[in-house]
file data21.cif (mmCIF, C-alpha atoms)
data_entry
loop_
_atom_site.group_PDB
_atom_site.id
_atom_site.type_symbol
_atom_site.label_atom_id
_atom_site.label_comp_id
_atom_site.auth_asym_id
_atom_site.auth_seq_id
_atom_site.Cartn_x
_atom_site.Cartn_y
_atom_site.Cartn_z
ATOM 1 C CA MET Q 1 50.915 -56.840 25.055
ATOM 2 C CA SER Q 2 54.387 -58.371 24.725
ATOM 3 C CA SER Q 3 56.320 -59.635 27.736
ATOM 4 C CA GLU Q 4 58.880 -56.872 27.181
ATOM 5 C CA ALA Q 5 56.183 -54.194 27.266
ATOM 6 C CA LYS Q 6 54.775 -55.693 30.450
ATOM 7 C CA GLN Q 7 58.190 -55.573 32.101
ATOM 8 C CA ILE Q 8 58.571 -51.914 31.156
ATOM 9 C CA GLU Q 9 55.087 -51.147 32.460
ATOM 10 C CA THR Q 10 55.766 -52.743 35.835
ATOM 11 C CA LYS Q 11 58.911 -50.622 36.260
ATOM 12 C CA ILE Q 12 57.006 -47.353 35.850
ATOM 13 C CA THR Q 13 56.193 -45.844 39.232
ATOM 14 C CA VAL Q 14 54.185 -42.733 39.998
ATOM 15 C CA ALA Q 15 55.339 -40.393 42.754
ATOM 16 C CA ASP Q 16 52.808 -39.254 45.335
ATOM 17 C CA PRO Q 17 51.070 -36.220 43.747
ATOM 18 C CA THR Q 18 49.366 -35.096 46.959
ATOM 19 C CA ALA Q 19 51.808 -32.265 47.717
ATOM 20 C CA LEU Q 20 51.178 -30.760 44.265
ATOM 21 C CA GLY Q 21 47.413 -30.940 44.657
ATOM 22 C CA VAL Q 22 47.416 -29.477 48.160
ATOM 23 C CA PHE Q 23 49.777 -26.703 47.030
ATOM 24 C CA GLY Q 24 47.332 -25.836 44.251
ATOM 25 C CA LEU Q 25 44.536 -25.579 46.809
ATOM 26 C CA ALA Q 26 46.679 -23.542 49.206
ATOM 27 C CA MET Q 27 47.810 -21.094 46.549
ATOM 28 C CA VAL Q 28 44.423 -20.381 44.997
ATOM 29 C CA THR Q 29 42.668 -19.960 48.355
ATOM 30 C CA PHE Q 30 45.507 -17.711 49.555
ATOM 31 C CA VAL Q 31 45.041 -15.384 46.589
ATOM 32 C CA ALA Q 32 41.235 -15.585 46.401
ATOM 33 C CA SER Q 33 40.753 -14.905 50.114
ATOM 34 C CA THR Q 34 42.381 -11.481 49.767
ATOM 35 C CA GLN Q 35 39.501 -10.309 47.578
ATOM 36 C CA LYS Q 36 36.833 -11.555 49.991
ATOM 37 C CA LEU Q 37 38.601 -9.920 52.928
ATOM 38 C CA GLY Q 38 38.882 -6.604 51.103
ATOM 39 C CA TRP Q 39 42.685 -6.633 50.917
ATOM 40 C CA THR Q 40 42.488 -6.590 47.109
ATOM 41 C CA THR Q 41 39.746 -5.696 44.643
ATOM 42 C CA GLY Q 42 38.397 -7.336 41.505
ATOM 43 C CA VAL Q 43 38.822 -10.890 40.255
ATOM 44 C CA SER Q 44 40.678 -10.413 36.954
ATOM 45 C CA ALA Q 45 44.045 -11.323 38.475
ATOM 46 C CA LEU Q 46 42.506 -14.302 40.278
ATOM 47 C CA VAL Q 47 41.439 -16.120 37.113
ATOM 48 C CA PRO Q 48 44.915 -17.428 36.108
ATOM 49 C CA TRP Q 49 45.571 -18.732 39.623
ATOM 50 C CA ALA Q 50 42.170 -20.391 39.716
ATOM 51 C CA ILE Q 51 42.774 -22.096 36.360
ATOM 52 C CA PHE Q 52 46.375 -23.225 36.752
ATOM 53 C CA LEU Q 53 46.738 -23.787 40.510
ATOM 54 C CA GLY Q 54 43.241 -24.305 41.874
ATOM 55 C CA ALA Q 55 41.986 -26.265 38.891
ATOM 56 C CA LEU Q 56 44.778 -27.769 36.800
ATOM 57 C CA ALA Q 57 47.230 -28.651 39.583
ATOM 58 C CA GLN Q 58 44.544 -30.380 41.655
ATOM 59 C CA PHE Q 59 42.992 -32.133 38.670
ATOM 60 C CA VAL Q 60 46.324 -33.493 37.406
ATOM 61 C CA ALA Q 61 47.268 -34.621 40.918
ATOM 62 C CA GLY Q 62 43.915 -36.368 41.212
ATOM 63 C CA MET Q 63 44.414 -38.176 37.915
ATOM 64 C CA PHE Q 64 47.742 -39.537 39.139
ATOM 65 C CA ASP Q 65 46.086 -40.550 42.409
ATOM 66 C CA PHE Q 66 43.685 -42.689 40.372
ATOM 67 C CA LYS Q 67 46.722 -44.409 38.895
ATOM 68 C CA LYS Q 68 48.082 -44.976 42.401
ATOM 69 C CA ASN Q 69 44.681 -46.334 43.508
ATOM 70 C CA ASN Q 70 44.402 -43.572 46.117
ATOM 71 C CA TYR Q 71 40.613 -43.431 46.239
ATOM 72 C CA PHE Q 72 40.376 -40.498 48.660
ATOM 73 C CA GLY Q 73 42.972 -38.296 46.981
ATOM 74 C CA ALA Q 74 41.726 -39.041 43.477
ATOM 75 C CA THR Q 75 38.117 -38.181 44.277
ATOM 76 C CA VAL Q 76 38.895 -35.078 46.318
ATOM 77 C CA LEU Q 77 41.524 -33.510 44.081
ATOM 78 C CA THR Q 78 39.737 -34.059 40.772
ATOM 79 C CA SER Q 79 36.411 -32.842 42.207
ATOM 80 C CA TYR Q 80 37.870 -29.655 43.645
ATOM 81 C CA GLY Q 81 39.954 -29.153 40.529
ATOM 82 C CA LEU Q 82 36.752 -29.137 38.493
ATOM 83 C CA PHE Q 83 35.230 -26.756 41.056
ATOM 84 C CA TRP Q 84 37.967 -24.200 40.426
ATOM 85 C CA PHE Q 85 37.644 -24.576 36.653
ATOM 86 C CA SER Q 86 33.981 -23.646 37.114
ATOM 87 C CA VAL Q 87 34.756 -20.736 39.445
ATOM 88 C CA ALA Q 88 37.290 -19.358 36.954
ATOM 89 C CA MET Q 89 34.709 -19.623 34.164
ATOM 90 C CA SER Q 90 32.124 -17.840 36.348
ATOM 91 C CA TRP Q 91 34.541 -15.000 37.018
ATOM 92 C CA ALA Q 92 35.320 -14.777 33.296
ATOM 93 C CA ILE Q 93 31.596 -14.435 32.573
ATOM 94 C CA THR Q 94 31.126 -11.654 35.150
ATOM 95 C CA LEU Q 95 34.096 -9.826 33.640
ATOM 96 C CA GLY Q 96 32.512 -9.966 30.196
ATOM 97 C CA TRP Q 97 35.265 -12.117 28.698
ATOM 98 C CA LEU Q 98 32.658 -14.376 27.086
ATOM 99 C CA GLY Q 99 30.544 -11.511 25.790
ATOM 100 C CA GLU Q 100 28.015 -9.048 27.135
ATOM 101 C CA ASP Q 101 25.084 -11.450 26.739
ATOM 102 C CA PHE Q 102 26.684 -13.964 29.103
ATOM 103 C CA LYS Q 103 27.532 -11.192 31.562
ATOM 104 C CA ALA Q 104 24.041 -9.687 31.486
ATOM 105 C CA THR Q 105 22.276 -12.993 32.156
ATOM 106 C CA PHE Q 106 24.690 -14.344 34.769
ATOM 107 C CA SER Q 107 22.809 -15.528 37.864
ATOM 108 C CA GLY Q 108 24.471 -15.341 41.263
ATOM 109 C CA VAL Q 109 21.632 -17.441 42.672
ATOM 110 C CA GLN Q 110 22.449 -20.274 40.275
ATOM 111 C CA LEU Q 111 26.046 -20.049 41.467
ATOM 112 C CA GLY Q 112 24.702 -20.334 44.999
ATOM 113 C CA TRP Q 113 23.079 -23.658 44.116
ATOM 114 C CA ALA Q 114 26.445 -24.854 42.809
ATOM 115 C CA PHE Q 115 28.081 -23.873 46.101
ATOM 116 C CA LEU Q 116 25.325 -25.688 47.982
ATOM 117 C CA GLY Q 117 25.826 -28.814 45.881
ATOM 118 C CA TYR Q 118 29.542 -28.827 46.597
ATOM 119 C CA PHE Q 119 28.784 -28.253 50.280
ATOM 120 C CA ILE Q 120 26.639 -31.391 50.344
ATOM 121 C CA PHE Q 121 29.341 -33.367 48.546
ATOM 122 C CA SER Q 122 32.018 -32.005 50.872
ATOM 123 C CA LEU Q 123 30.143 -33.199 53.951
ATOM 124 C CA PHE Q 124 30.817 -36.787 52.864
ATOM 125 C CA ILE Q 125 34.437 -35.961 52.034
ATOM 126 C CA MET Q 126 34.816 -34.336 55.471
ATOM 127 C CA ILE Q 127 33.670 -37.514 57.215
ATOM 128 C CA ALA Q 128 36.247 -39.544 55.305
ATOM 129 C CA SER Q 129 38.946 -36.938 56.000
ATOM 130 C CA PHE Q 130 38.625 -37.598 59.724
ATOM 131 C CA GLU Q 131 40.308 -40.942 59.075
ATOM 132 C CA THR Q 132 43.224 -39.493 57.050
ATOM 133 C CA ASN Q 133 44.992 -36.954 59.265
ATOM 134 C CA LYS Q 134 44.146 -33.927 61.388
ATOM 135 C CA VAL Q 135 45.394 -31.349 58.871
ATOM 136 C CA PHE Q 136 43.178 -32.715 56.092
ATOM 137 C CA ALA Q 137 40.263 -32.968 58.530
ATOM 138 C CA ALA Q 138 40.640 -29.309 59.541
ATOM 139 C CA ILE Q 139 40.889 -28.230 55.896
ATOM 140 C CA LEU Q 140 37.673 -30.084 55.009
ATOM 141 C CA VAL Q 141 35.803 -28.575 57.954
ATOM 142 C CA LEU Q 142 36.869 -25.112 56.788
ATOM 143 C CA ILE Q 143 35.956 -25.917 53.169
ATOM 144 C CA ASN Q 144 32.430 -26.680 54.342
ATOM 145 C CA VAL Q 145 32.286 -23.389 56.243
ATOM 146 C CA LEU Q 146 33.490 -21.616 53.102
ATOM 147 C CA LEU Q 147 31.005 -23.298 50.766
ATOM 148 C CA LEU Q 148 28.011 -22.779 53.057
ATOM 149 C CA SER Q 149 28.987 -19.137 53.566
ATOM 150 C CA LEU Q 150 29.258 -18.605 49.810
ATOM 151 C CA ALA Q 151 25.921 -20.325 49.202
ATOM 152 C CA LEU Q 152 24.048 -18.251 51.795
ATOM 153 C CA THR Q 153 25.674 -15.060 50.512
ATOM 154 C CA SER Q 154 24.749 -15.921 46.902
ATOM 155 C CA PHE Q 155 21.151 -16.601 47.963
ATOM 156 C CA LYS Q 156 21.192 -13.208 49.761
ATOM 157 C CA VAL Q 157 20.057 -14.853 52.963
ATOM 158 C CA VAL Q 158 22.890 -13.200 54.870
ATOM 159 C CA ASP Q 159 26.176 -11.570 53.884
ATOM 160 C CA LEU Q 160 28.933 -13.917 55.039
ATOM 161 C CA HIS Q 161 31.740 -12.644 52.818
ATOM 162 C CA LEU Q 162 34.052 -12.124 55.776
ATOM 163 C CA VAL Q 163 33.335 -15.597 57.155
ATOM 164 C CA ALA Q 164 34.058 -17.009 53.701
ATOM 165 C CA GLY Q 165 37.214 -14.932 53.417
ATOM 166 C CA TRP Q 166 38.693 -15.912 56.777
ATOM 167 C CA SER Q 167 37.815 -19.584 56.345
ATOM 168 C CA GLU Q 168 39.414 -19.515 52.881
ATOM 169 C CA PHE Q 169 42.518 -17.828 54.286
ATOM 170 C CA ALA Q 170 42.728 -20.466 57.028
ATOM 171 C CA ILE Q 171 42.419 -23.208 54.376
ATOM 172 C CA SER Q 172 45.405 -21.717 52.558
ATOM 173 C CA ILE Q 173 47.583 -21.578 55.685
ATOM 174 C CA LEU Q 174 46.768 -25.185 56.589
ATOM 175 C CA GLY Q 175 47.266 -26.129 52.936
ATOM 176 C CA PHE Q 176 50.755 -24.615 52.837
ATOM 177 C CA TYR Q 177 51.655 -26.511 55.997
ATOM 178 C CA GLY Q 178 50.116 -29.711 54.627
ATOM 179 C CA CYS Q 179 51.890 -29.624 51.268
ATOM 180 C CA GLY Q 180 55.167 -28.714 52.965
ATOM 181 C CA ALA Q 181 54.796 -31.555 55.450
ATOM 182 C CA ILE Q 182 53.947 -34.091 52.744
ATOM 183 C CA PHE Q 183 56.856 -32.948 50.578
ATOM 184 C CA LEU Q 184 59.448 -33.020 53.373
ATOM 185 C CA ASN Q 185 58.186 -36.266 54.885
ATOM 186 C CA GLN Q 186 58.276 -37.982 51.492
ATOM 187 C CA PHE Q 187 61.662 -36.520 50.571
ATOM 188 C CA PHE Q 188 63.393 -37.478 53.818
ATOM 189 C CA GLY Q 189 61.522 -40.747 54.268
ATOM 190 C CA ARG Q 190 60.483 -39.906 57.813
ATOM 191 C CA THR Q 191 58.173 -37.574 59.696
ATOM 192 C CA VAL Q 192 59.701 -34.100 59.662
ATOM 193 C CA LEU Q 193 56.432 -32.210 60.074
ATOM 194 C CA PRO Q 194 53.522 -34.146 61.602
ATOM 195 C CA LEU Q 195 50.096 -34.129 59.995
ATOM 196 C CA GLY Q 196 48.333 -35.612 62.993
ATOM 197 C CA ALA Q 197 46.917 -39.077 63.426
ATOM 198 C CA PRO Q 198 43.421 -39.999 62.168
ATOM 199 C CA LEU Q 199 40.664 -39.196 64.636
ATOM 200 C CA GLY Q 200 39.570 -42.823 64.769
ATOM 201 C CA LEU Q 201 35.849 -42.004 64.930
ATOM 202 C CA ILE Q 202 34.806 -44.499 62.254
ATOM 203 C CA LYS Q 203 36.495 -47.856 61.929
ATOM 204 C CA LYS Q 204 37.411 -48.917 58.410
ATOM 205 C CA GLY Q 205 36.344 -52.349 57.239
ATOM 206 C CA PRO Q 206 38.471 -54.890 55.380
ATOM 207 C CA ARG Q 207 38.988 -54.379 51.640
#
call {"tool": "encode", "arguments": {"input": "data21.cif", "output": "structure tokens"}}
result
Amino acid sequence: MSSEAKQIETKITVADPTALGVFGLAMVTFVASTQKLGWTTGVSALVPWAIFLGALAQFVAGMFDFKKNNYFGATVLTSYGLFWFSVAMSWAITLGWLGEDFKATFSGVQLGWAFLGYFIFSLFIMIASFETNKVFAAILVLINVLLLSLALTSFKVVDLHLVAGWSEFAISILGFYGCGAIFLNQFFGRTVLPLGAPLGLIKKGPR
């Protein structure tokens, strides 16, 4: 690489993508929760929001977080972005968009195992979130409630659709506040809306 190219590269800065990623989460959970709570019916209209907001917005934000060396944001946003890609694909299968054979052999129990796997993963993310801010910590606690509720419902252990719906709705409300706070705080260069200090339960080591 030439010295000129290196100088150009060092001048390129990446803005904080967190507000975009959190908005994607807030928007898709806001829309999806209405179906679980019985305020709307069907999932056809949910698929575009799951793909473009829940999946793509979070995934792109996570990719830029990797560039910014934001380990927490990069891991969380890309992982949940991929989750929503998978959810959108699952809905498409149940709607018959990929053919009747896919629809006929779709297994809700297998989907339950996917929810359980993400629940296990999210437990670790939740622990880390306690040392970011209180809004993120609350969102991760609710995400775990949502995922466990969906898993148990898919396994037909107990019907927790309403628990899943209200936890998802709460995630969206906190998400809207979180993305708004991040956006305004970054734009004005000061704290306009507080996110809450880390809980301080686990001390970070030197890096």
call {"tool": "resolve_selection", "arguments": {"input": "data21.cif", "expression": "the PyMOL selection byres ((chain Q and resi 50-57) around 9)", "output": "ChimeraX atom specification"}}
result
/Q:20-29,31-32,46-49,58-62,77-78,80-89
call {"tool": "residues_around", "arguments": {"input": "data21.cif", "residues": "Q:Ala138", "least_positions_apart": "2", "cutoff": "12 Å", "atoms": "all atoms listed in the file", "output": "ChimeraX atom specification"}}
result
/Q:125-136,140-145,167-168,170-175,177-178,195-196,198-199
call {"tool": "resolve_selection", "arguments": {"input": "data21.cif", "expression": "the PyMOL selection byres ((chain Q and resi 65) around 9)", "output": "PyMOL selection string"}}
result
chain Q and resi 14+16-18+60-64+66-75+77
call {"tool": "resolve_selection", "arguments": {"input": "data21.cif", "expression": "the PyMOL selection byres ((chain Q and resi 119) around 9)", "output": "VMD selection string"}}
result
chain Q and resid 114 to 118 120 to 123 143 to 148 151
call {"tool": "write_last_selection", "arguments": {"input": "data21.cif", "atoms": "C-alpha atoms", "output": "PDB file, in the coordinates of the input"}}
result
ATOM      1  CA  ALA Q 114      26.445 -24.854  42.809  1.00  0.00           C
ATOM      2  CA  PHE Q 115      28.081 -23.873  46.101  1.00  0.00           C
ATOM      3  CA  LEU Q 116      25.325 -25.688  47.982  1.00  0.00           C
ATOM      4  CA  GLY Q 117      25.826 -28.814  45.881  1.00  0.00           C
ATOM      5  CA  TYR Q 118      29.542 -28.827  46.597  1.00  0.00           C
ATOM      6  CA  ILE Q 120      26.639 -31.391  50.344  1.00  0.00           C
ATOM      7  CA  PHE Q 121      29.341 -33.367  48.546  1.00  0.00           C
ATOM      8  CA  SER Q 122      32.018 -32.005  50.872  1.00  0.00           C
ATOM      9  CA  LEU Q 123      30.143 -33.199  53.951  1.00  0.00           C
ATOM     10  CA  ILE Q 143      35.956 -25.917  53.169  1.00  0.00           C
ATOM     11  CA  ASN Q 144      32.430 -26.680  54.342  1.00  0.00           C
ATOM     12  CA  VAL Q 145      32.286 -23.389  56.243  1.00  0.00           C
ATOM     13  CA  LEU Q 146      33.490 -21.616  53.102  1.00  0.00           C
ATOM     14  CA  LEU Q 147      31.005 -23.298  50.766  1.00  0.00           C
ATOM     15  CA  LEU Q 148      28.011 -22.779  53.057  1.00  0.00           C
ATOM     16  CA  ALA Q 151      25.921 -20.325  49.202  1.00  0.00           C
TER      17      ALA Q 151
END
call {"tool": "residues_around", "arguments": {"input": "data21.cif", "residues": "stretch 155-157 of chain Q", "least_positions_apart": "6", "cutoff": "8 Å", "atoms": "all atoms listed in the file", "output": "PyMOL selection string"}}
result
chain Q and resi 108-109+112
call {"tool": "decode", "arguments": {"input": "data21.cif", "residues": "stretch 152-168 of chain Q", "atoms": "N, CA and C atoms", "output": "short mmCIF file (atom, residue, chain, number, x, y, z; two decimals), in the first residue's frame"}}
result
data_model
loop_
_atom_site.label_atom_id
_atom_site.label_comp_id
_atom_site.auth_asym_id
_atom_site.auth_seq_id
_atom_site.Cartn_x
_atom_site.Cartn_y
_atom_site.Cartn_z
N LEU Q 152 -40.34 -22.60 25.19
CA LEU Q 152 -41.28 -23.44 25.93
C LEU Q 152 -42.61 -23.56 25.19
N THR Q 153 -43.03 -22.49 24.53
CA THR Q 153 -44.26 -22.54 23.74
C THR Q 153 -44.09 -23.46 22.53
N SER Q 154 -42.94 -23.37 21.86
CA SER Q 154 -42.67 -24.23 20.70
C SER Q 154 -42.60 -25.69 21.08
N PHE Q 155 -42.07 -25.98 22.28
CA PHE Q 155 -41.99 -27.36 22.77
C PHE Q 155 -43.34 -27.85 23.29
N LYS Q 156 -44.32 -26.94 23.37
CA LYS Q 156 -45.66 -27.24 23.89
C LYS Q 156 -45.63 -27.67 25.34
N VAL Q 157 -44.65 -27.14 26.07
CA VAL Q 157 -44.59 -27.36 27.51
C VAL Q 157 -45.66 -26.53 28.19
N VAL Q 158 -45.75 -25.27 27.78
CA VAL Q 158 -46.75 -24.34 28.30
C VAL Q 158 -46.91 -23.23 27.28
N ASP Q 159 -48.11 -22.68 27.18
CA ASP Q 159 -48.36 -21.60 26.22
C ASP Q 159 -48.02 -20.26 26.87
N LEU Q 160 -46.91 -19.67 26.44
CA LEU Q 160 -46.45 -18.41 26.99
C LEU Q 160 -46.44 -17.30 25.93
N HIS Q 161 -47.39 -17.38 25.00
CA HIS Q 161 -47.44 -16.39 23.93
C HIS Q 161 -47.61 -14.97 24.48
N LEU Q 162 -48.44 -14.82 25.50
CA LEU Q 162 -48.65 -13.49 26.05
C LEU Q 162 -47.41 -12.97 26.77
N VAL Q 163 -46.72 -13.86 27.48
CA VAL Q 163 -45.47 -13.46 28.13
C VAL Q 163 -44.46 -13.03 27.08
N ALA Q 164 -44.38 -13.81 26.00
CA ALA Q 164 -43.47 -13.47 24.90
C ALA Q 164 -43.87 -12.14 24.28
N GLY Q 165 -45.17 -11.94 24.08
CA GLY Q 165 -45.64 -10.72 23.45
C GLY Q 165 -45.36 -9.48 24.28
N TRP Q 166 -45.64 -9.54 25.58
CA TRP Q 166 -45.42 -8.36 26.42
C TRP Q 166 -43.93 -8.09 26.62
N SER Q 167 -43.13 -9.14 26.73
CA SER Q 167 -41.68 -8.92 26.86
C SER Q 167 -41.13 -8.32 25.57
N GLU Q 168 -41.63 -8.78 24.42
CA GLU Q 168 -41.19 -8.24 23.14
C GLU Q 168 -41.61 -6.77 22.99
#
